[in-house]
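Q: Data: model_3.tsv, TSV, C-alpha atoms and all ligand atoms.
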```tsv
chain	number	residue	atom	x	y	z
A	1	MET	CA	14.89	-10.34	22.29
A	2	GLU	CA	16.51	-10.18	18.90
A	3	VAL	CA	14.06	-10.40	16.01
A	4	LEU	CA	15.11	-12.23	12.89
A	5	ARG	CA	14.92	-10.00	9.82
A	6	VAL	CA	14.15	-11.39	6.38
A	7	GLN	CA	17.15	-9.44	5.08
A	8	THR	CA	19.35	-11.53	7.42
A	9	VAL	CA	17.63	-14.80	6.46
A	10	ALA	CA	18.14	-13.93	2.78
A	11	SER	CA	21.82	-13.23	3.25
A	12	LYS	CA	22.21	-16.77	4.64
A	13	SER	CA	20.02	-18.49	2.04
A	14	LYS	CA	22.48	-18.65	-0.81
A	15	ASP	CA	21.73	-22.30	-1.55
A	16	ALA	CA	18.25	-23.21	-2.67
A	17	THR	CA	16.82	-23.87	0.78
A	18	ILE	CA	14.73	-21.47	2.83
A	19	PRO	CA	13.06	-21.96	6.20
A	20	ALA	CA	9.67	-23.73	6.03
A	21	MET	CA	7.98	-20.75	7.70
A	22	PHE	CA	8.19	-18.94	4.33
A	23	VAL	CA	7.05	-21.78	2.05
A	24	ARG	CA	3.45	-21.27	0.97
A	25	PRO	CA	0.87	-24.00	0.43
A	26	GLU	CA	0.49	-24.79	-3.30
A	27	THR	CA	-2.82	-22.93	-3.50
A	28	GLU	CA	-0.88	-19.72	-2.78
A	29	GLN	CA	2.45	-20.33	-4.50
A	30	PRO	CA	2.95	-17.67	-7.15
A	31	GLY	CA	4.73	-20.19	-9.40
A	32	ILE	CA	1.43	-22.09	-9.62
A	33	THR	CA	-1.27	-19.45	-9.18
A	34	THR	CA	-0.16	-16.54	-11.39
A	35	VAL	CA	-2.05	-16.11	-14.67
A	36	HIS	CA	0.31	-15.60	-17.62
A	37	GLY	CA	-0.29	-14.79	-21.26
A	38	VAL	CA	-3.69	-13.17	-20.81
A	39	ASN	CA	-4.08	-9.68	-22.13
A	40	LEU	CA	-5.70	-8.22	-19.03
A	41	GLU	CA	-4.05	-5.43	-17.13
A	42	VAL	CA	-4.64	-2.84	-14.45
A	43	PRO	CA	-5.56	0.42	-16.30
A	44	ILE	CA	-2.82	3.00	-16.91
A	45	ILE	CA	-4.31	6.50	-16.84
A	46	ASP	CA	-2.60	9.61	-18.21
A	47	LEU	CA	-3.63	12.58	-16.03
A	48	ASN	CA	-2.32	14.97	-18.69
A	49	GLU	CA	-4.77	13.75	-21.29
A	50	ALA	CA	-6.51	16.80	-22.78
A	51	ASP	CA	-9.97	15.28	-22.55
A	52	GLU	CA	-10.73	15.68	-18.83
A	53	GLY	CA	-14.04	13.85	-19.16
A	54	LYS	CA	-12.18	10.83	-20.49
A	55	VAL	CA	-9.73	10.86	-17.56
A	56	LEU	CA	-12.59	11.09	-15.09
A	57	GLN	CA	-14.39	8.19	-16.72
A	58	GLU	CA	-11.25	6.06	-16.72
A	59	ILE	CA	-10.62	6.70	-13.03
A	60	VAL	CA	-14.19	5.95	-12.05
A	61	GLU	CA	-14.28	2.77	-14.14
A	62	ALA	CA	-11.01	1.59	-12.60
A	63	CYS	CA	-12.30	2.24	-9.06
A	64	LYS	CA	-15.40	0.15	-9.77
A	65	ASP	CA	-13.72	-2.60	-11.70
A	66	TRP	CA	-10.14	-3.42	-10.61
A	67	GLY	CA	-9.98	-1.16	-7.53
A	68	MET	CA	-6.48	-0.40	-8.76
A	69	PHE	CA	-4.89	1.71	-11.49
A	70	GLN	CA	-1.63	3.36	-12.42
A	71	ILE	CA	-1.30	7.06	-13.12
A	72	VAL	CA	1.29	8.78	-15.28
A	73	ASN	CA	1.87	12.53	-15.70
A	74	HIS	CA	0.60	12.94	-12.15
A	75	GLY	CA	2.62	16.07	-11.38
A	76	ILE	CA	5.26	14.62	-9.05
A	77	PRO	CA	8.64	15.29	-10.71
A	78	SER	CA	10.68	12.15	-11.38
A	79	HIS	CA	13.65	13.56	-9.43
A	80	VAL	CA	11.46	13.82	-6.31
A	81	ILE	CA	10.50	10.16	-6.70
A	82	SER	CA	14.08	8.99	-7.33
A	83	LYS	CA	15.30	10.84	-4.25
A	84	LEU	CA	12.59	9.17	-2.16
A	85	GLN	CA	13.75	5.80	-3.50
A	86	ASN	CA	17.44	6.54	-2.97
A	87	VAL	CA	17.16	7.58	0.67
A	88	GLY	CA	14.95	4.57	1.44
A	89	LYS	CA	17.40	2.23	-0.25
A	90	GLU	CA	20.30	3.81	1.63
A	91	PHE	CA	18.48	3.23	4.90
A	92	PHE	CA	17.95	-0.47	4.21
A	93	GLU	CA	21.59	-0.84	3.19
A	94	LEU	CA	22.84	0.50	6.57
A	95	PRO	CA	24.44	-2.01	8.94
A	96	GLN	CA	21.79	-4.05	10.76
A	97	GLU	CA	22.58	-2.49	14.18
A	98	GLU	CA	21.90	0.95	12.82
A	99	LYS	CA	18.54	-0.02	11.35
A	100	GLU	CA	17.60	-1.63	14.67
A	101	LEU	CA	17.80	1.83	16.31
A	102	TYR	CA	14.48	2.50	14.57
A	103	ALA	CA	12.88	-0.86	15.45
A	104	LYS	CA	9.23	-0.80	16.50
A	105	PRO	CA	9.41	-1.10	20.28
A	106	ALA	CA	8.22	-4.47	21.60
A	107	GLY	CA	4.62	-4.21	22.75
A	108	SER	CA	4.05	-0.81	21.11
A	109	ALA	CA	0.45	-0.23	20.08
A	110	SER	CA	1.56	1.86	17.12
A	111	ILE	CA	2.61	0.27	13.86
A	112	GLU	CA	5.48	2.74	13.42
A	113	GLY	CA	9.09	1.67	13.19
A	114	TYR	CA	11.45	-0.71	11.41
A	115	GLY	CA	10.27	-4.29	11.53
A	116	THR	CA	9.34	-7.67	10.21
A	117	LYS	CA	5.73	-8.68	10.45
A	118	ILE	CA	4.98	-11.48	12.87
A	119	THR	CA	2.45	-13.51	10.96
A	120	ASN	CA	-1.25	-13.14	11.69
A	121	GLU	CA	-2.12	-15.40	8.81
A	122	ALA	CA	-4.38	-18.40	9.39
A	123	ASN	CA	-1.74	-20.70	7.85
A	124	GLY	CA	1.03	-19.31	10.06
A	125	LYS	CA	3.28	-18.49	7.09
A	126	ASN	CA	5.52	-15.42	6.93
A	127	GLY	CA	6.10	-12.91	4.17
A	128	TRP	CA	9.54	-12.48	2.57
A	129	VAL	CA	9.78	-8.79	3.47
A	130	ASP	CA	11.01	-6.28	6.06
A	131	HIS	CA	9.58	-2.79	6.39
A	132	LEU	CA	9.77	0.67	7.89
A	133	PHE	CA	6.57	2.50	8.82
A	134	HIS	CA	6.22	6.14	9.84
A	135	LYS	CA	3.60	8.82	9.49
A	136	ILE	CA	4.30	11.81	7.26
A	137	TRP	CA	1.08	13.82	7.79
A	138	PRO	CA	-0.56	15.62	9.60
A	139	PRO	CA	2.26	17.32	11.54
A	140	SER	CA	0.60	16.59	14.92
A	141	SER	CA	0.78	12.84	14.19
A	142	ILE	CA	4.44	12.69	13.19
A	143	ASN	CA	6.93	10.93	15.44
A	144	TYR	CA	10.39	11.78	14.10
A	145	ARG	CA	11.87	9.08	16.30
A	146	PHE	CA	11.08	6.67	13.44
A	147	TRP	CA	12.45	8.82	10.62
A	148	PRO	CA	16.00	7.68	9.80
A	149	LYS	CA	18.71	10.26	10.53
A	150	ASN	CA	20.88	8.51	8.02
A	151	PRO	CA	21.06	9.38	5.19
A	152	PRO	CA	20.95	13.01	6.42
A	153	SER	CA	18.66	14.18	3.59
A	154	TYR	CA	16.00	11.59	4.55
A	155	ARG	CA	13.68	14.10	6.23
A	156	GLU	CA	13.88	16.81	3.61
A	157	VAL	CA	13.32	14.33	0.78
A	158	ASN	CA	10.29	12.78	2.48
A	159	GLU	CA	8.78	16.18	3.20
A	160	GLU	CA	9.15	17.22	-0.41
A	161	TYR	CA	7.47	14.03	-1.62
A	162	ARG	CA	4.60	14.50	0.87
A	163	LYS	CA	3.90	18.02	-0.42
A	164	TYR	CA	3.54	16.82	-3.99
A	165	LEU	CA	1.59	13.78	-2.89
A	166	GLN	CA	-1.11	15.93	-1.30
A	167	GLY	CA	-1.79	17.43	-4.73
A	168	VAL	CA	-2.31	13.95	-6.19
A	169	VAL	CA	-4.57	12.90	-3.31
A	170	ASP	CA	-6.69	16.02	-3.80
A	171	LYS	CA	-7.05	15.34	-7.53
A	172	LEU	CA	-8.04	11.74	-6.99
A	173	PHE	CA	-10.57	12.54	-4.27
A	174	LYS	CA	-12.16	15.17	-6.54
A	175	SER	CA	-12.55	12.72	-9.42
A	176	MET	CA	-13.84	10.00	-7.14
A	177	SER	CA	-16.32	12.44	-5.58
A	178	THR	CA	-17.62	13.57	-8.96
A	179	GLY	CA	-17.84	9.95	-10.06
A	180	LEU	CA	-20.28	9.28	-7.21
A	181	GLY	CA	-22.49	12.20	-8.23
A	182	LEU	CA	-21.24	14.38	-5.34
A	183	GLN	CA	-19.75	17.86	-5.34
A	184	GLU	CA	-16.03	17.85	-6.03
A	185	ASN	CA	-14.98	18.48	-2.41
A	186	GLU	CA	-17.53	16.35	-0.62
A	187	LEU	CA	-15.75	13.01	-0.54
A	188	LYS	CA	-12.58	14.46	0.95
A	189	GLU	CA	-14.57	16.39	3.53
A	190	GLY	CA	-16.44	13.18	4.36
A	191	ALA	CA	-13.04	11.57	4.88
A	192	ASN	CA	-11.82	14.21	7.37
A	193	GLY	CA	-10.15	16.46	4.78
A	194	ASP	CA	-6.64	17.62	5.55
A	195	GLU	CA	-6.64	15.70	8.84
A	196	MET	CA	-6.37	12.37	7.03
A	197	VAL	CA	-3.28	10.48	8.11
A	198	TYR	CA	-0.55	9.75	5.56
A	199	LEU	CA	1.29	6.63	6.70
A	200	LEU	CA	4.42	5.79	4.73
A	201	LYS	CA	5.68	2.23	4.53
A	202	ILE	CA	8.85	1.13	2.84
A	203	ASN	CA	8.81	-2.54	1.85
A	204	TYR	CA	12.17	-4.25	1.39
A	205	TYR	CA	12.00	-7.65	-0.33
A	206	PRO	CA	15.47	-9.20	-0.51
A	207	PRO	CA	16.30	-11.70	-3.29
A	208	CYS	CA	14.97	-15.19	-2.57
A	209	PRO	CA	16.43	-18.47	-3.89
A	210	CYS	CA	12.93	-19.92	-4.45
A	211	PRO	CA	10.65	-17.04	-5.46
A	212	ASP	CA	8.00	-19.40	-6.85
A	213	LEU	CA	7.31	-20.79	-3.37
A	214	VAL	CA	7.01	-17.60	-1.29
A	215	LEU	CA	5.07	-14.36	-1.15
A	216	GLY	CA	6.28	-10.93	-0.10
A	217	VAL	CA	3.01	-9.70	1.35
A	218	PRO	CA	0.14	-12.23	1.37
A	219	PRO	CA	-3.25	-11.49	-0.25
A	220	HIS	CA	-4.98	-8.55	1.45
A	221	THR	CA	-6.92	-5.37	0.88
A	222	ASP	CA	-5.48	-2.19	2.40
A	223	MET	CA	-7.39	-0.61	5.29
A	224	SER	CA	-6.84	2.90	3.90
A	225	TYR	CA	-9.09	5.13	1.79
A	226	LEU	CA	-6.43	5.13	-0.89
A	227	THR	CA	-2.91	3.84	-1.10
A	228	ILE	CA	-0.48	5.57	-3.41
A	229	LEU	CA	2.53	3.43	-4.17
A	230	VAL	CA	5.91	4.03	-5.77
A	231	PRO	CA	7.55	0.75	-6.84
A	232	ASN	CA	11.16	0.17	-7.83
A	233	GLU	CA	11.83	-1.39	-11.24
A	234	VAL	CA	11.59	-4.98	-9.98
A	235	GLN	CA	8.07	-6.13	-10.80
A	236	GLY	CA	6.22	-8.05	-8.08
A	237	LEU	CA	2.83	-6.56	-7.30
A	238	GLN	CA	-0.16	-8.68	-8.35
A	239	ALA	CA	-3.85	-7.80	-8.37
A	240	SER	CA	-6.70	-10.24	-8.10
A	241	ARG	CA	-9.60	-10.10	-10.49
A	242	ASN	CA	-12.40	-12.68	-10.64
A	243	GLY	CA	-10.33	-15.02	-8.50
A	244	HIS	CA	-7.15	-14.89	-10.66
A	245	TRP	CA	-3.78	-13.25	-10.01
A	246	TYR	CA	-2.34	-10.81	-12.57
A	247	ASP	CA	1.04	-9.05	-12.62
A	248	VAL	CA	0.90	-5.27	-12.34
A	249	LYS	CA	3.45	-4.21	-14.91
A	250	TYR	CA	6.22	-1.81	-14.02
A	251	VAL	CA	5.72	1.56	-15.72
A	252	PRO	CA	8.56	4.05	-15.16
A	253	ASN	CA	7.45	7.10	-13.13
A	254	ALA	CA	3.93	5.80	-12.64
A	255	LEU	CA	2.19	5.79	-9.26
A	256	ILE	CA	0.06	2.78	-8.41
A	257	ILE	CA	-3.27	3.65	-6.79
A	258	HIS	CA	-5.12	1.15	-4.63
A	259	ILE	CA	-8.69	1.59	-3.45
A	260	GLY	CA	-8.68	0.55	0.21
A	261	ASP	CA	-11.41	-0.66	2.56
A	262	GLN	CA	-12.33	2.82	3.80
A	263	MET	CA	-13.06	4.08	0.28
A	264	GLU	CA	-15.19	1.01	-0.41
A	265	ILE	CA	-17.09	1.76	2.81
A	266	LEU	CA	-17.36	5.53	2.24
A	267	SER	CA	-18.69	4.95	-1.29
A	268	ASN	CA	-21.11	2.33	0.09
A	269	GLY	CA	-19.59	-0.32	-2.13
A	270	LYS	CA	-19.53	1.63	-5.41
A	271	TYR	CA	-15.75	1.55	-5.42
A	272	LYS	CA	-14.00	-1.74	-4.68
A	273	ALA	CA	-10.99	-2.34	-2.45
A	274	VAL	CA	-8.47	-4.33	-4.47
A	275	LEU	CA	-7.20	-7.70	-3.27
A	276	HIS	CA	-3.45	-7.78	-3.93
A	277	ARG	CA	-0.23	-9.59	-2.99
A	278	THR	CA	3.44	-9.42	-3.89
A	279	THR	CA	5.99	-11.82	-5.28
A	280	VAL	CA	9.75	-11.58	-4.90
A	281	ASN	CA	12.73	-11.97	-7.19
A	282	LYS	CA	15.55	-14.49	-7.37
A	283	GLU	CA	18.39	-12.05	-8.03
A	284	GLU	CA	17.13	-8.57	-7.32
A	285	THR	CA	15.87	-6.65	-4.32
A	286	ARG	CA	12.37	-5.37	-4.76
A	287	MET	CA	11.29	-2.25	-2.86
A	288	SER	CA	8.08	-0.26	-2.70
A	289	TRP	CA	6.90	2.92	-1.00
A	290	PRO	CA	3.15	2.82	-0.33
A	291	VAL	CA	1.55	5.76	1.47
A	292	PHE	CA	-1.70	4.75	3.14
A	293	ILE	CA	-4.18	7.64	3.28
A	294	GLU	CA	-6.23	6.77	6.32
A	295	PRO	CA	-8.74	8.13	8.85
A	296	GLN	CA	-7.56	9.15	12.31
A	297	ALA	CA	-7.93	6.39	14.91
A	298	GLU	CA	-10.95	8.07	16.56
A	299	ASP	CA	-12.76	8.99	13.31
A	300	GLU	CA	-16.10	7.33	12.71
A	301	VAL	CA	-16.09	5.64	9.33
A	302	GLY	CA	-19.15	4.52	7.41
A	303	PRO	CA	-20.99	5.07	4.12
A	304	TYR	CA	-21.23	8.76	3.10
A	305	PRO	CA	-24.75	9.80	4.17
A	306	LYS	CA	-25.78	11.18	0.77
A	307	LEU	CA	-25.01	7.85	-0.86
A	308	VAL	CA	-27.44	6.01	1.37
A	309	ASN	CA	-31.21	5.99	0.85
A	310	GLN	CA	-34.13	3.57	0.70
A	311	ASP	CA	-32.91	2.05	-2.54
A	312	ASN	CA	-29.30	1.96	-1.34
A	313	PRO	CA	-29.26	0.86	2.28
A	314	PRO	CA	-25.88	1.01	4.05
A	315	LYS	CA	-23.78	-2.02	3.22
A	316	TYR	CA	-21.27	-1.41	6.01
A	317	LYS	CA	-21.47	-0.57	9.70
A	318	THR	CA	-20.30	2.83	10.88
A	319	LYS	CA	-17.61	2.52	13.53
A	320	LYS	CA	-14.41	4.08	14.79
A	321	TYR	CA	-11.45	3.47	12.52
A	322	LYS	CA	-9.47	2.02	15.42
A	323	ASP	CA	-12.23	-0.55	16.01
A	324	TYR	CA	-12.26	-1.38	12.30
A	325	ALA	CA	-8.50	-1.84	12.35
A	326	TYR	CA	-8.62	-4.02	15.47
A	327	CYS	CA	-11.14	-6.39	13.89
A	328	LYS	CA	-9.22	-6.53	10.62
A	329	LEU	CA	-5.86	-7.22	12.25
A	330	ASN	CA	-7.37	-9.93	14.43
A	331	ARG	CA	-9.48	-11.42	11.62
A	332	ILE	CA	-12.72	-10.71	13.50
A	333	PRO	CA	-15.72	-10.24	11.13
A	334	GLN	CA	-16.65	-6.53	10.88
B	1	LIG	O1	5.04	-3.85	-2.56
B	1	LIG	C1	3.97	-3.65	-3.12
B	1	LIG	O2	3.91	-3.41	-4.33
B	1	LIG	C2	2.68	-3.72	-2.35
B	1	LIG	C3	2.84	-3.77	-0.87
B	1	LIG	C4	1.55	-3.83	-0.16
B	1	LIG	O3	0.55	-4.26	-0.67
B	1	LIG	C5	1.45	-3.32	1.23
B	1	LIG	O4	2.49	-3.05	1.84
B	1	LIG	O5	0.30	-3.16	1.70
B	2	FE	FE	-1.24	-3.50	0.31
```
Would you mind writing the file out in structure tokens?
A:
Amino acid sequence: MEVLRVQTVASKSKDATIPAMFVRPETEQPGITTVHGVNLEVPIIDLNEADEGKVLQEIVEACKDWGMFQIVNHGIPSHVISKLQNVGKEFFELPQEEKELYAKPAGSASIEGYGTKITNEANGKNGWVDHLFHKIWPPSSINYRFWPKNPPSYREVNEEYRKYLQGVVDKLFKSMSTGLGLQENELKEGANGDEMVYLLKINYYPPCPCPDLVLGVPPHTDMSYLTILVPNEVQGLQASRNGHWYDVKYVPNALIIHIGDQMEILSNGKYKAVLHRTTVNKEETRMSWPVFIEPQAEDEVGPYPKLVNQDNPPKYKTKKYKDYAYCKLNRIPQ
């Protein structure tokens, strides 16, 4: 059965009408619910700042407060990031039949492949976005069947990005570990160290004639420990704080870090998973490249034992990641 892609819907929506399946109720419409003109923003942290204590404090504060921050001077060269963006953009600009060669097989239990999310939202609405998912680490988890062969440099470029990304993940885990009063390496070890899965997603949000009425991805927290996201220059990510939606401003060469559910759980609630959503643009295509740093399906995930004691009882159940994911995807209370 042919699946309708948002990219195809968008190419046919040149007048100001879009199918009702994308139109959000007013309580969710970004045109109504976005907070403007308030001087509140997700922290931007310079990892090159000479005062390391200050950087650590900023990261820890951001993890506890917003659950999201941007980092600049993170060590990934800008040419590595632009190549990642270029090959992803080239893939989405291929003829539709060629992209469909990478489509997630119908009925596949894995999330990997090119696709369009079939809504699992209570209100039955759909996001204005297509995507490509594939794992980039560890090697044993990679299925190259879902890595585009076109453009030909796709694989090399993604491998280069992954190598640099591991350095950033290590740095962040160290700071977050120290911030919890643990040894530098403990948090990463508690999260299965170098066996953590790196799942890349490319989001492709085509222009939409009525951006005020739709969402790209609906409000959610990521299931990951951390998500490290490269955006393109078209702003659209929004973070929720105290029940209000704020734009995350575009900062050239910055990486956007999200605290996900597994980090909230591992830290026994000290760090907060950020509720976020995306908006789309009337004229321009927005794209983003999140990498979800996650446990393996069979890993048991729960609060880190040293962070639990009589005064701090566990706030979350310990369970297999795959069971956590099943409940989350089916909206079953954890
Ligand atoms: O596109 C973005 O900036 C965020 C996308 C997102 O939240 C997701 O794919 O989980
Ligand atoms: Fe997300």
Q: Could you check the closest approach to ligand FE 2 (chain B) for each of A:Asp247, A:Glu160, A:Asp261, A:Glu52 and tell me which residue wins, using all atoms listed in the file?
A: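 Of all the options, A:Asp261 lies closest to ligand FE 2 (chain B).
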Q: Near region 95-111 of chain A, counting only C-alpha atoms, which residues have an atom at most 6 Å away, once you skip same-chain residues fewer than 3 positions from it, shown as a list in words?
A: Tyr114, Gly115 and Phe146 of chain A
Q: Would you save the residues from that selection as a tab-separated table (two decimals), in the frame of the given file, using C-alpha atoms?
A:
```tsv
chain	number	residue	atom	x	y	z
A	114	TYR	CA	11.45	-0.71	11.41
A	115	GLY	CA	10.27	-4.29	11.53
A	146	PHE	CA	11.08	6.67	13.44
```
Q: Using all atoms listed in the file, which residues have at least one atom no more than 9 Å from ligand FE 2 (chain B)? Output them as a count of residues only.
A: 17
Q: From the options A:Val55, A:Ile332, A:Val230, A:Ala62, which residue's atoms come nearest to ligand LIG 1 (chain B), counting only C-alpha atoms and all ligand atoms?
A: A:Val230
Q: Please, what distance in Å, to one decimal, runs between atom O1 of ligand LIG 1 (chain B) and CA of Asn203 (chain A)?
A: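 Value for the atom O1 of ligand LIG 1 (chain B)-CA of Asn203 (chain A) distance: 5.9 Å.
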Q: Take the point (19.8, -11.1, -8.2) in the file's coordinates, draw a sphere of radius 12 Å around it, and report as a PyMOL selection string every protein, DNA or RNA residue with an atom inside or on it, counting all atoms listed in the file.
A: chain A and resi 10-11+14+205-211+234+280-286
